[in-house]
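A.B. asks: One file is attached below, work.cif, containing mmCIF, C-alpha atoms, pLDDT in the B column; chains and numbers go by the auth columns.
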data_target
loop_
_atom_site.group_PDB
_atom_site.id
_atom_site.type_symbol
_atom_site.label_atom_id
_atom_site.label_comp_id
_atom_site.label_asym_id
_atom_site.label_seq_id
_atom_site.Cartn_x
_atom_site.Cartn_y
_atom_site.Cartn_z
_atom_site.B_iso_or_equiv
_atom_site.auth_seq_id
_atom_site.auth_asym_id
ATOM 1 C CA ALA A 1 141.043 99.166 73.231 83.00 2 A
ATOM 2 C CA GLN A 2 140.125 96.730 75.955 90.00 3 A
ATOM 3 C CA THR A 3 140.488 92.989 75.535 95.00 4 A
ATOM 4 C CA VAL A 4 139.529 89.992 77.629 97.00 5 A
ATOM 5 C CA THR A 5 140.876 86.520 76.910 97.00 6 A
ATOM 6 C CA GLN A 6 139.672 83.205 78.286 98.00 7 A
ATOM 7 C CA SER A 7 141.985 80.478 77.069 96.00 8 A
ATOM 8 C CA GLN A 8 139.981 77.488 78.317 97.00 9 A
ATOM 9 C CA PRO A 9 137.047 76.783 75.995 96.00 10 A
ATOM 10 C CA GLU A 10 135.852 73.889 78.168 97.00 11 A
ATOM 11 C CA MET A 11 136.493 72.607 81.665 97.00 12 A
ATOM 12 C CA SER A 12 135.044 69.763 83.674 97.00 13 A
ATOM 13 C CA VAL A 13 135.076 68.911 87.353 98.00 14 A
ATOM 14 C CA GLN A 14 133.648 66.300 89.651 98.00 15 A
ATOM 15 C CA GLU A 15 130.961 67.312 92.076 98.00 16 A
ATOM 16 C CA ALA A 16 132.377 68.634 95.379 97.00 17 A
ATOM 17 C CA GLU A 17 135.804 69.300 93.872 98.00 18 A
ATOM 18 C CA THR A 18 137.465 72.644 93.129 98.00 19 A
ATOM 19 C CA VAL A 19 138.007 74.157 89.703 98.00 20 A
ATOM 20 C CA THR A 20 139.747 77.336 88.526 98.00 21 A
ATOM 21 C CA LEU A 21 138.798 79.258 85.393 98.00 22 A
ATOM 22 C CA SER A 22 141.392 81.565 83.864 98.00 23 A
ATOM 23 C CA CYS A 23 141.068 85.073 82.448 98.00 24 A
ATOM 24 C CA THR A 24 143.550 87.662 81.277 98.00 25 A
ATOM 25 C CA TYR A 25 142.725 91.188 80.213 97.00 26 A
ATOM 26 C CA ASP A 26 144.208 94.372 78.908 96.00 27 A
ATOM 27 C CA THR A 27 143.143 97.963 79.502 92.00 28 A
ATOM 28 C CA SER A 28 144.758 101.369 79.647 89.00 29 A
ATOM 29 C CA GLU A 29 142.389 102.550 82.374 86.00 30 A
ATOM 30 C CA SER A 30 143.805 103.158 85.837 83.00 31 A
ATOM 31 C CA ASN A 31 140.633 102.145 87.603 85.00 32 A
ATOM 32 C CA TYR A 32 138.393 99.447 86.266 90.00 33 A
ATOM 33 C CA TYR A 33 136.124 96.638 87.320 91.00 34 A
ATOM 34 C CA LEU A 34 136.260 92.947 86.588 94.00 35 A
ATOM 35 C CA PHE A 35 133.398 90.503 86.679 95.00 36 A
ATOM 36 C CA TRP A 36 132.579 86.855 86.298 97.00 37 A
ATOM 37 C CA TYR A 37 129.160 86.119 84.829 97.00 38 A
ATOM 38 C CA LYS A 38 127.428 82.742 84.654 97.00 39 A
ATOM 39 C CA GLN A 39 125.136 81.828 81.760 95.00 40 A
ATOM 40 C CA PRO A 40 123.270 78.547 82.341 92.00 41 A
ATOM 41 C CA PRO A 41 121.903 76.787 79.258 86.00 42 A
ATOM 42 C CA SER A 42 118.958 78.735 77.817 79.00 43 A
ATOM 43 C CA ARG A 43 118.881 81.036 80.819 83.00 44 A
ATOM 44 C CA GLN A 44 119.891 84.589 81.440 89.00 45 A
ATOM 45 C CA MET A 45 123.326 85.750 82.456 93.00 46 A
ATOM 46 C CA ILE A 46 123.812 86.415 86.155 94.00 47 A
ATOM 47 C CA LEU A 47 126.634 88.064 88.030 94.00 48 A
ATOM 48 C CA VAL A 48 128.801 85.700 90.073 96.00 49 A
ATOM 49 C CA ILE A 49 131.423 88.025 91.499 95.00 50 A
ATOM 50 C CA ARG A 50 132.973 91.468 90.935 93.00 51 A
ATOM 51 C CA GLN A 51 136.359 93.008 91.714 93.00 52 A
ATOM 52 C CA GLU A 52 137.364 96.649 91.733 90.00 53 A
ATOM 53 C CA ALA A 53 140.893 97.083 90.408 90.00 54 A
ATOM 54 C CA TYR A 54 142.278 99.243 93.187 87.00 55 A
ATOM 55 C CA LYS A 55 141.044 96.988 95.953 87.00 56 A
ATOM 56 C CA GLN A 56 143.912 94.721 96.947 83.00 57 A
ATOM 57 C CA GLN A 57 141.754 92.123 98.621 89.00 58 A
ATOM 58 C CA ASN A 58 140.447 89.355 96.416 92.00 59 A
ATOM 59 C CA ALA A 59 136.643 89.212 96.253 92.00 60 A
ATOM 60 C CA THR A 60 134.795 86.237 97.706 92.00 61 A
ATOM 61 C CA GLU A 61 131.146 85.210 97.403 92.00 62 A
ATOM 62 C CA ASN A 62 130.371 81.989 99.244 95.00 63 A
ATOM 63 C CA ARG A 63 131.936 79.161 97.175 97.00 64 A
ATOM 64 C CA PHE A 64 133.281 81.578 94.551 97.00 65 A
ATOM 65 C CA SER A 65 136.516 83.507 94.916 97.00 66 A
ATOM 66 C CA VAL A 66 138.905 85.277 92.601 97.00 67 A
ATOM 67 C CA ASN A 67 142.664 85.523 92.300 97.00 68 A
ATOM 68 C CA PHE A 68 143.276 89.054 91.037 96.00 69 A
ATOM 69 C CA GLN A 69 146.847 89.676 89.894 95.00 70 A
ATOM 70 C CA LYS A 70 146.854 93.301 88.749 94.00 71 A
ATOM 71 C CA ALA A 71 150.432 93.450 87.484 93.00 72 A
ATOM 72 C CA ALA A 72 149.938 90.305 85.449 95.00 73 A
ATOM 73 C CA LYS A 73 146.447 91.427 84.355 95.00 74 A
ATOM 74 C CA SER A 74 145.050 88.120 85.434 97.00 75 A
ATOM 75 C CA PHE A 75 141.653 87.439 87.022 97.00 76 A
ATOM 76 C CA SER A 76 140.864 83.794 87.707 98.00 77 A
ATOM 77 C CA LEU A 77 137.723 82.346 89.275 98.00 78 A
ATOM 78 C CA LYS A 78 137.880 79.519 91.779 98.00 79 A
ATOM 79 C CA ILE A 79 134.773 77.486 92.450 98.00 80 A
ATOM 80 C CA SER A 80 134.971 75.361 95.579 98.00 81 A
ATOM 81 C CA ASP A 81 132.735 72.413 96.425 97.00 82 A
ATOM 82 C CA SER A 82 131.386 72.348 92.860 98.00 83 A
ATOM 83 C CA GLN A 83 127.681 71.599 92.487 97.00 84 A
ATOM 84 C CA LEU A 84 125.701 70.267 89.535 97.00 85 A
ATOM 85 C CA GLY A 85 123.978 73.648 89.311 95.00 86 A
ATOM 86 C CA ASP A 86 127.315 75.283 88.561 97.00 87 A
ATOM 87 C CA THR A 87 127.216 73.754 85.075 97.00 88 A
ATOM 88 C CA ALA A 88 127.113 76.761 82.748 97.00 89 A
ATOM 89 C CA MET A 89 129.086 79.008 80.435 96.00 90 A
ATOM 90 C CA TYR A 90 131.242 81.414 82.447 98.00 91 A
ATOM 91 C CA PHE A 91 132.290 84.777 81.072 97.00 92 A
ATOM 92 C CA CYS A 92 134.977 87.068 82.350 98.00 93 A
ATOM 93 C CA ALA A 93 134.146 90.725 81.697 96.00 94 A
ATOM 94 C CA LEU A 94 135.831 94.104 82.061 94.00 95 A
ATOM 95 C CA ASP A 95 134.324 97.525 82.657 90.00 96 A
ATOM 96 C CA GLY A 96 136.956 100.096 81.860 79.00 97 A
ATOM 97 C CA GLY A 97 135.774 102.588 84.446 69.00 98 A
ATOM 98 C CA THR A 98 135.129 105.421 82.049 68.00 99 A
ATOM 99 C CA SER A 99 132.941 103.370 79.740 64.00 100 A
ATOM 100 C CA TYR A 100 129.604 103.884 81.510 74.00 101 A
ATOM 101 C CA GLY A 101 129.260 100.283 82.544 81.00 102 A
ATOM 102 C CA LYS A 102 129.852 98.943 79.050 87.00 103 A
ATOM 103 C CA LEU A 103 131.288 95.456 79.387 92.00 104 A
ATOM 104 C CA THR A 104 133.958 93.765 77.283 94.00 105 A
ATOM 105 C CA PHE A 105 133.527 89.996 77.515 96.00 106 A
ATOM 106 C CA GLY A 106 135.870 87.086 76.997 97.00 107 A
ATOM 107 C CA GLN A 107 134.997 84.156 74.760 96.00 108 A
ATOM 108 C CA GLY A 108 133.642 82.117 77.644 97.00 109 A
ATOM 109 C CA THR A 109 134.461 78.797 79.308 98.00 110 A
ATOM 110 C CA ILE A 110 131.937 75.967 79.333 97.00 111 A
ATOM 111 C CA LEU A 111 132.068 74.322 82.758 98.00 112 A
ATOM 112 C CA THR A 112 130.525 70.902 83.258 97.00 113 A
ATOM 113 C CA VAL A 113 130.144 69.479 86.741 97.00 114 A
ATOM 114 C CA HIS A 114 129.890 65.686 86.766 97.00 115 A
ATOM 115 C CA PRO A 115 128.120 63.721 89.501 96.00 116 A
ATOM 116 C CA ASP B 1 110.183 93.524 90.117 54.00 20 B
ATOM 117 C CA THR B 2 110.370 90.855 87.427 75.00 21 B
ATOM 118 C CA GLY B 3 113.811 91.694 86.103 92.00 22 B
ATOM 119 C CA VAL B 4 114.778 92.614 82.559 95.00 23 B
ATOM 120 C CA SER B 5 112.219 91.380 80.065 96.00 24 B
ATOM 121 C CA GLN B 6 112.869 90.839 76.360 97.00 25 B
ATOM 122 C CA ASN B 7 110.356 90.066 73.636 97.00 26 B
ATOM 123 C CA PRO B 8 110.077 88.055 71.571 97.00 27 B
ATOM 124 C CA ARG B 9 112.242 85.237 72.885 96.00 28 B
ATOM 125 C CA HIS B 10 112.695 83.781 69.428 97.00 29 B
ATOM 126 C CA LYS B 11 112.295 85.267 65.965 98.00 30 B
ATOM 127 C CA ILE B 12 112.695 83.570 62.608 98.00 31 B
ATOM 128 C CA THR B 13 112.649 85.871 59.625 98.00 32 B
ATOM 129 C CA LYS B 14 113.426 85.756 55.956 98.00 33 B
ATOM 130 C CA ARG B 15 116.438 87.565 54.627 98.00 34 B
ATOM 131 C CA GLY B 16 115.575 91.109 53.688 97.00 35 B
ATOM 132 C CA GLN B 17 112.754 91.515 56.201 98.00 36 B
ATOM 133 C CA ASN B 18 112.775 94.027 59.052 98.00 37 B
ATOM 134 C CA VAL B 19 112.589 92.917 62.668 98.00 38 B
ATOM 135 C CA THR B 20 112.106 94.772 65.934 98.00 39 B
ATOM 136 C CA PHE B 21 112.949 93.586 69.429 98.00 40 B
ATOM 137 C CA ARG B 22 111.786 95.069 72.697 98.00 41 B
ATOM 138 C CA CYS B 23 113.517 95.319 76.059 98.00 42 B
ATOM 139 C CA ASP B 24 111.842 96.348 79.300 97.00 43 B
ATOM 140 C CA PRO B 25 114.530 97.148 81.877 96.00 44 B
ATOM 141 C CA ILE B 26 114.187 96.997 85.615 94.00 45 B
ATOM 142 C CA SER B 27 112.142 100.009 86.589 90.00 46 B
ATOM 143 C CA GLU B 28 114.155 103.087 87.544 84.00 47 B
ATOM 144 C CA HIS B 29 117.343 101.706 85.986 91.00 48 B
ATOM 145 C CA ASN B 30 118.693 104.641 84.032 90.00 49 B
ATOM 146 C CA ARG B 31 121.207 102.679 81.974 92.00 50 B
ATOM 147 C CA LEU B 32 120.290 100.261 79.240 95.00 51 B
ATOM 148 C CA TYR B 33 122.645 98.246 77.018 95.00 52 B
ATOM 149 C CA TRP B 34 122.253 96.087 73.954 97.00 53 B
ATOM 150 C CA TYR B 35 124.700 93.274 73.211 97.00 54 B
ATOM 151 C CA ARG B 36 124.909 90.676 70.471 97.00 55 B
ATOM 152 C CA GLN B 37 126.062 87.138 71.182 95.00 56 B
ATOM 153 C CA THR B 38 126.860 84.616 68.484 94.00 57 B
ATOM 154 C CA LEU B 39 127.005 80.900 69.209 89.00 58 B
ATOM 155 C CA GLY B 40 129.891 79.955 71.465 86.00 59 B
ATOM 156 C CA GLN B 41 131.130 83.531 71.843 91.00 60 B
ATOM 157 C CA GLY B 42 130.923 86.215 74.475 94.00 61 B
ATOM 158 C CA PRO B 43 128.473 89.090 74.110 96.00 62 B
ATOM 159 C CA GLU B 44 129.629 92.089 72.089 95.00 63 B
ATOM 160 C CA PHE B 45 128.521 95.605 72.936 94.00 64 B
ATOM 161 C CA LEU B 46 126.167 97.270 70.461 96.00 65 B
ATOM 162 C CA THR B 47 124.814 100.414 72.065 95.00 66 B
ATOM 163 C CA TYR B 48 124.084 102.153 75.345 92.00 67 B
ATOM 164 C CA PHE B 49 121.420 104.528 76.669 94.00 68 B
ATOM 165 C CA GLN B 50 121.465 106.751 79.684 91.00 69 B
ATOM 166 C CA ASN B 51 117.794 107.524 80.236 91.00 70 B
ATOM 167 C CA GLU B 52 116.504 108.402 76.736 92.00 71 B
ATOM 168 C CA ALA B 53 119.864 109.508 75.324 92.00 72 B
ATOM 169 C CA GLN B 54 121.825 107.083 73.160 92.00 73 B
ATOM 170 C CA LEU B 55 125.369 107.845 74.273 89.00 74 B
ATOM 171 C CA GLU B 56 127.459 105.275 72.444 89.00 75 B
ATOM 172 C CA LYS B 57 127.163 103.023 69.408 91.00 76 B
ATOM 173 C CA SER B 58 129.563 100.276 68.449 91.00 77 B
ATOM 174 C CA ARG B 59 131.032 100.034 64.971 88.00 78 B
ATOM 175 C CA LEU B 60 129.202 96.694 64.888 82.00 79 B
ATOM 176 C CA LEU B 61 125.973 98.656 64.633 85.00 80 B
ATOM 177 C CA SER B 62 125.651 99.198 60.909 88.00 81 B
ATOM 178 C CA ASP B 63 123.233 101.656 59.329 92.00 82 B
ATOM 179 C CA ARG B 64 120.667 98.857 59.174 96.00 83 B
ATOM 180 C CA PHE B 65 120.463 98.834 62.961 96.00 84 B
ATOM 181 C CA SER B 66 118.643 101.452 64.996 96.00 85 B
ATOM 182 C CA ALA B 67 117.806 101.604 68.663 96.00 86 B
ATOM 183 C CA GLU B 68 115.542 103.867 70.625 96.00 87 B
ATOM 184 C CA ARG B 69 114.561 104.386 74.209 96.00 88 B
ATOM 185 C CA PRO B 70 111.646 106.816 74.253 91.00 89 B
ATOM 186 C CA LYS B 71 110.998 108.454 77.605 86.00 90 B
ATOM 187 C CA GLY B 72 113.864 106.524 79.129 85.00 91 B
ATOM 188 C CA SER B 73 111.792 103.437 79.757 91.00 92 B
ATOM 189 C CA PHE B 74 111.651 100.442 77.391 96.00 93 B
ATOM 190 C CA SER B 75 113.955 100.195 74.398 97.00 94 B
ATOM 191 C CA THR B 76 113.578 98.819 70.897 98.00 95 B
ATOM 192 C CA LEU B 77 116.225 97.497 68.544 98.00 96 B
ATOM 193 C CA GLU B 78 115.292 97.374 64.879 97.00 97 B
ATOM 194 C CA ILE B 79 117.205 95.611 62.151 97.00 98 B
ATOM 195 C CA GLN B 80 116.287 96.541 58.595 97.00 99 B
ATOM 196 C CA ARG B 81 116.895 94.337 55.561 97.00 100 B
ATOM 197 C CA THR B 82 118.108 91.450 57.679 97.00 101 B
ATOM 198 C CA GLU B 83 121.056 89.362 56.504 96.00 102 B
ATOM 199 C CA GLN B 84 122.059 85.841 57.502 96.00 103 B
ATOM 200 C CA GLY B 85 124.988 87.289 59.417 95.00 104 B
ATOM 201 C CA ASP B 86 122.518 89.007 61.731 96.00 105 B
ATOM 202 C CA SER B 87 121.531 85.631 63.184 97.00 106 B
ATOM 203 C CA ALA B 88 122.495 85.810 66.846 97.00 107 B
ATOM 204 C CA MET B 89 121.191 86.236 70.375 96.00 108 B
ATOM 205 C CA TYR B 90 120.428 89.871 71.168 97.00 109 B
ATOM 206 C CA LEU B 91 120.812 90.632 74.868 97.00 110 B
ATOM 207 C CA CYS B 92 119.558 93.603 76.802 97.00 111 B
ATOM 208 C CA ALA B 93 120.905 94.653 80.181 96.00 112 B
ATOM 209 C CA SER B 94 120.088 97.454 82.590 94.00 113 B
ATOM 210 C CA SER B 95 121.795 99.014 85.569 91.00 114 B
ATOM 211 C CA SER B 96 121.681 102.047 87.805 85.00 115 B
ATOM 212 C CA GLY B 97 124.394 104.282 89.194 68.00 116 B
ATOM 213 C CA THR B 98 127.952 104.707 88.035 61.00 117 B
ATOM 214 C CA SER B 99 129.981 102.149 86.177 57.00 118 B
ATOM 215 C CA GLY B 100 131.186 99.076 87.969 60.00 119 B
ATOM 216 C CA ASP B 101 129.705 99.669 91.365 65.00 120 B
ATOM 217 C CA THR B 102 126.297 98.370 90.446 72.00 121 B
ATOM 218 C CA GLU B 103 125.300 95.153 88.847 82.00 122 B
ATOM 219 C CA ALA B 104 124.163 94.888 85.254 89.00 123 B
ATOM 220 C CA PHE B 105 121.060 92.714 85.030 92.00 124 B
ATOM 221 C CA PHE B 106 120.551 90.818 81.806 95.00 125 B
ATOM 222 C CA GLY B 107 117.393 89.680 80.099 95.00 126 B
ATOM 223 C CA GLN B 108 117.000 86.214 78.603 94.00 127 B
ATOM 224 C CA GLY B 109 117.650 87.540 75.145 96.00 128 B
ATOM 225 C CA THR B 110 115.961 87.390 71.762 97.00 129 B
ATOM 226 C CA ARG B 111 117.315 84.697 69.467 96.00 130 B
ATOM 227 C CA LEU B 112 117.141 85.813 65.840 98.00 131 B
ATOM 228 C CA THR B 113 117.408 83.354 62.983 98.00 132 B
ATOM 229 C CA VAL B 114 117.569 84.759 59.466 98.00 133 B
ATOM 230 C CA VAL B 115 116.767 82.190 56.772 97.00 134 B
#
Re-express the file's structure as structure tokens.

C.D. replies:
Amino acid sequence: AQTVTQSQPEMSVQEAETVTLSCTYDTSESNYYLFWYKQPPSRQMILVIRQEAYKQQNATENRFSVNFQKAAKSFSLKISDSQLGDTAMYFCALDGGTSYGKLTFGQGTILTVHP
Amino acid sequence: DTGVSQNPRHKITKRGQNVTFRCDPISEHNRLYWYRQTLGQGPEFLTYFQNEAQLEKSRLLSDRFSAERPKGSFSTLEIQRTEQGDSAMYLCASSSGTSGDTEAFFGQGTRLTVV
């Protein structure tokens, strides 16, 4: 069975500062994919960033980057220069590679960006 | 392309009634997923379609739940004899291609309240 754990129920950050959201996971698959999704209040979930497990290089998308530690099964999200629009619930998710794109989600972290 | 569309957005029903939700995926997306999300939690996988074939069902999907995707286009999720524990957000997502290397696009969800 696959599991994803987000141990930070809530985080807050001042505008323009940097924040890191944590995620750990477990899977028996040799190749898999990891994602961070953003769910703004009352709006649909959108993909923030993805990482393929056998790519050594950490993924980066503009102000968003990940720290992927495969041996430790850790996948954290760093948001730089935080903006008010980053306020949302963030979910870490795992696609086990052989599961046809089925995602296992963590419990989520509510991020609030303060002006 | 207007993205993944779900209807209705909100549904209030009395316990014991049947409800049906509809999901229109992004056109030409061959994969369609249903998830259930309870308040403050991450989405949980319910079922998955590749074109019109339902390839996997979660143990969460009791006999009261049924999903269809006729002709591989839109999908419906029906809940019979609703219970208060069915109250949740029901999310639909669609994607194309093989797992992980394409993005899953989510709809805004249908929020079900069973009273």

A.B. asks: Return the padded bounding box of stretch 61-80 of chain A as lines of an AutoDock Vina configuration file: axis-aligned, built from all atoms listed in the file, 6 Å added on each side, with centre and edge lengths in Å to one decimal.

C.D. replies:
center_x = 140.4
center_y = 85.5
center_z = 91.8
size_x = 32.1
size_y = 28.0
size_z = 26.9

A.B. asks: Select residues of chain A: the criterion is any atom within 7 Å of an atom of chain B, counting all atoms listed in the file; output as a PyMOL selection string.

C.D. replies: chain A and resi 34+44-47+92+96+98+101-102+105-109

A.B. asks: Create the file for the chosen residues now, containing C-alpha atoms and written as a compact mmCIF listing (two decimals), in the frame of the given file.

C.D. replies:
# COMPACT_ATOMS: atom_id res chain seq x y z
CA TYR A 34 136.12 96.64 87.32
CA ARG A 44 118.88 81.04 80.82
CA GLN A 45 119.89 84.59 81.44
CA MET A 46 123.33 85.75 82.46
CA ILE A 47 123.81 86.42 86.16
CA PHE A 92 132.29 84.78 81.07
CA ASP A 96 134.32 97.52 82.66
CA GLY A 98 135.77 102.59 84.45
CA TYR A 101 129.60 103.88 81.51
CA GLY A 102 129.26 100.28 82.54
CA THR A 105 133.96 93.76 77.28
CA PHE A 106 133.53 90.00 77.52
CA GLY A 107 135.87 87.09 77.00
CA GLN A 108 135.00 84.16 74.76
CA GLY A 109 133.64 82.12 77.64

A.B. asks: Quick one: which residues end up in the PyMOL selection byres ((chain B and resi 89) around 12) for this structure, as a list of chain:residue names?

C.D. replies: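 So the PyMOL selection byres ((chain B and resi 89) around 12), applied here, picks out B:Arg41, B:Cys42, B:Asp43, B:Leu51, B:Phe68, B:Gln69, B:Asn70, B:Glu71, B:Ala72, B:Gln73, B:Ala86, B:Glu87, B:Arg88, B:Lys90, B:Gly91, B:Ser92, B:Phe93, B:Ser94, B:Thr95, B:Leu96.
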
A.B. asks: Let me see the file: selected residues, C-alpha atoms, as a tab-separated table (two decimals), in the coordinates of the input.

C.D. replies:
chain	number	residue	atom	x	y	z
B	41	ARG	CA	111.79	95.07	72.70
B	42	CYS	CA	113.52	95.32	76.06
B	43	ASP	CA	111.84	96.35	79.30
B	51	LEU	CA	120.29	100.26	79.24
B	68	PHE	CA	121.42	104.53	76.67
B	69	GLN	CA	121.46	106.75	79.68
B	70	ASN	CA	117.79	107.52	80.24
B	71	GLU	CA	116.50	108.40	76.74
B	72	ALA	CA	119.86	109.51	75.32
B	73	GLN	CA	121.82	107.08	73.16
B	86	ALA	CA	117.81	101.60	68.66
B	87	GLU	CA	115.54	103.87	70.62
B	88	ARG	CA	114.56	104.39	74.21
B	90	LYS	CA	111.00	108.45	77.60
B	91	GLY	CA	113.86	106.52	79.13
B	92	SER	CA	111.79	103.44	79.76
B	93	PHE	CA	111.65	100.44	77.39
B	94	SER	CA	113.96	100.20	74.40
B	95	THR	CA	113.58	98.82	70.90
B	96	LEU	CA	116.22	97.50	68.54

A.B. asks: Can you translate the PyMOL selection byres ((chain A and resi 91) around 12) into the concrete residues it hits in this file, as a PDB file with C-alpha atoms, keeping the file's coordinate frame?

C.D. replies:
ATOM      1  CA  GLN A   7     139.672  83.205  78.286  1.00 98.00           C
ATOM      2  CA  GLN A   9     139.981  77.488  78.317  1.00 97.00           C
ATOM      3  CA  PRO A  10     137.047  76.783  75.995  1.00 96.00           C
ATOM      4  CA  GLU A  11     135.852  73.889  78.168  1.00 97.00           C
ATOM      5  CA  MET A  12     136.493  72.607  81.665  1.00 97.00           C
ATOM      6  CA  THR A  21     139.747  77.336  88.526  1.00 98.00           C
ATOM      7  CA  LEU A  22     138.798  79.258  85.393  1.00 98.00           C
ATOM      8  CA  SER A  23     141.392  81.565  83.864  1.00 98.00           C
ATOM      9  CA  CYS A  24     141.068  85.073  82.448  1.00 98.00           C
ATOM     10  CA  PHE A  36     133.398  90.503  86.679  1.00 95.00           C
ATOM     11  CA  TRP A  37     132.579  86.855  86.298  1.00 97.00           C
ATOM     12  CA  TYR A  38     129.160  86.119  84.829  1.00 97.00           C
ATOM     13  CA  LYS A  39     127.428  82.742  84.654  1.00 97.00           C
ATOM     14  CA  GLN A  40     125.136  81.828  81.760  1.00 95.00           C
ATOM     15  CA  PRO A  41     123.270  78.547  82.341  1.00 92.00           C
ATOM     16  CA  PRO A  42     121.903  76.787  79.258  1.00 86.00           C
ATOM     17  CA  GLN A  45     119.891  84.589  81.440  1.00 89.00           C
ATOM     18  CA  MET A  46     123.326  85.750  82.456  1.00 93.00           C
ATOM     19  CA  ILE A  47     123.812  86.415  86.155  1.00 94.00           C
ATOM     20  CA  LEU A  48     126.634  88.064  88.030  1.00 94.00           C
ATOM     21  CA  VAL A  49     128.801  85.700  90.073  1.00 96.00           C
ATOM     22  CA  ILE A  50     131.423  88.025  91.499  1.00 95.00           C
ATOM     23  CA  SER A  77     140.864  83.794  87.707  1.00 98.00           C
ATOM     24  CA  LEU A  78     137.723  82.346  89.275  1.00 98.00           C
ATOM     25  CA  LYS A  79     137.880  79.519  91.779  1.00 98.00           C
ATOM     26  CA  ILE A  80     134.773  77.486  92.450  1.00 98.00           C
ATOM     27  CA  ASP A  87     127.315  75.283  88.561  1.00 97.00           C
ATOM     28  CA  THR A  88     127.216  73.754  85.075  1.00 97.00           C
ATOM     29  CA  ALA A  89     127.113  76.761  82.748  1.00 97.00           C
ATOM     30  CA  MET A  90     129.086  79.008  80.435  1.00 96.00           C
ATOM     31  CA  PHE A  92     132.290  84.777  81.072  1.00 97.00           C
ATOM     32  CA  CYS A  93     134.977  87.068  82.350  1.00 98.00           C
ATOM     33  CA  ALA A  94     134.146  90.725  81.697  1.00 96.00           C
ATOM     34  CA  PHE A 106     133.527  89.996  77.515  1.00 96.00           C
ATOM     35  CA  GLY A 107     135.870  87.086  76.997  1.00 97.00           C
ATOM     36  CA  GLN A 108     134.997  84.156  74.760  1.00 96.00           C
ATOM     37  CA  GLY A 109     133.642  82.117  77.644  1.00 97.00           C
ATOM     38  CA  THR A 110     134.461  78.797  79.308  1.00 98.00           C
ATOM     39  CA  ILE A 111     131.937  75.967  79.333  1.00 97.00           C
ATOM     40  CA  LEU A 112     132.068  74.322  82.758  1.00 98.00           C
ATOM     41  CA  THR A 113     130.525  70.902  83.258  1.00 97.00           C
TER      42      THR A 113
ATOM     43  CA  GLY B  59     129.891  79.955  71.465  1.00 86.00           C
ATOM     44  CA  GLN B  60     131.130  83.531  71.843  1.00 91.00           C
ATOM     45  CA  GLY B  61     130.923  86.215  74.475  1.00 94.00           C
ATOM     46  CA  PRO B  62     128.473  89.090  74.110  1.00 96.00           C
TER      47      PRO B  62
END

A.B. asks: Could you jot down the atom CA of B:Arg55 to atom CA of B:Thr21 separation for me, Å, one decimal place?

C.D. replies: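 Result for atom CA of B:Arg55 versus atom CA of B:Thr21: 22.3 Å, one decimal.
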
A.B. asks: Which residue out of A:Ala60, A:Ser81, A:Gln15, A:Asn32 has the minimum interatomic distance to A:His115 when all atoms listed in the file are used?

C.D. replies: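 For A:His115, the nearest of the candidates is A:Gln15.
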
A.B. asks: For the structure provided, state which residues fall under the PyMOL selection byres ((chain B and resi 103) around 10), and present them as a VMD selection string.

C.D. replies: chain B and resid 32 to 35 101 to 102 104 to 107 131 to 134

A.B. asks: Work out how far atom CA of A:Phe76 is from atom CA of B:Lys76, in Å to one decimal.

C.D. replies: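 That distance, rounded to one decimal, is 27.6 Å.
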
A.B. asks: When you look at A:Thr4 with a cut-off of 7 Å (counting all atoms listed in the file), what residues show up, excluding the ones that are within fewer than 3 positions of it in the same chain? I need them as an MDAnalysis selection string.

C.D. replies: chainID A and resid 26:28 105

A.B. asks: So the first atom is atom CA of A:Thr6 and the second is atom CA of B:His29; what is the distance between them in Å, to one decimal place?

C.D. replies: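 If I compute the distance from atom CA of A:Thr6 to atom CA of B:His29, I get 29.3 Å.
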
A.B. asks: So which one's closest to B:Ser46, B:Leu58, B:Ser81, B:Gly22, B:Lys30? Using all atoms listed in the file, please.

C.D. replies: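 Smallest separation from B:Ser46 among the options: B:Gly22.
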
A.B. asks: So which residues touch A:Ala17 within 9 Å, counting all atoms listed in the file, skipping near sequence neighbours fewer than 4 positions away, as a JSON list (two decimals) with C-alpha atoms, keeping the file's coordinate frame?

C.D. replies:
[["chain", "number", "residue", "atom", "x", "y", "z"],
["A", 81, "SER", "CA", 134.97, 75.36, 95.58],
["A", 82, "ASP", "CA", 132.74, 72.41, 96.42],
["A", 83, "SER", "CA", 131.39, 72.35, 92.86],
["A", 84, "GLN", "CA", 127.68, 71.60, 92.49],
["A", 114, "VAL", "CA", 130.14, 69.48, 86.74],
["A", 116, "PRO", "CA", 128.12, 63.72, 89.50]]
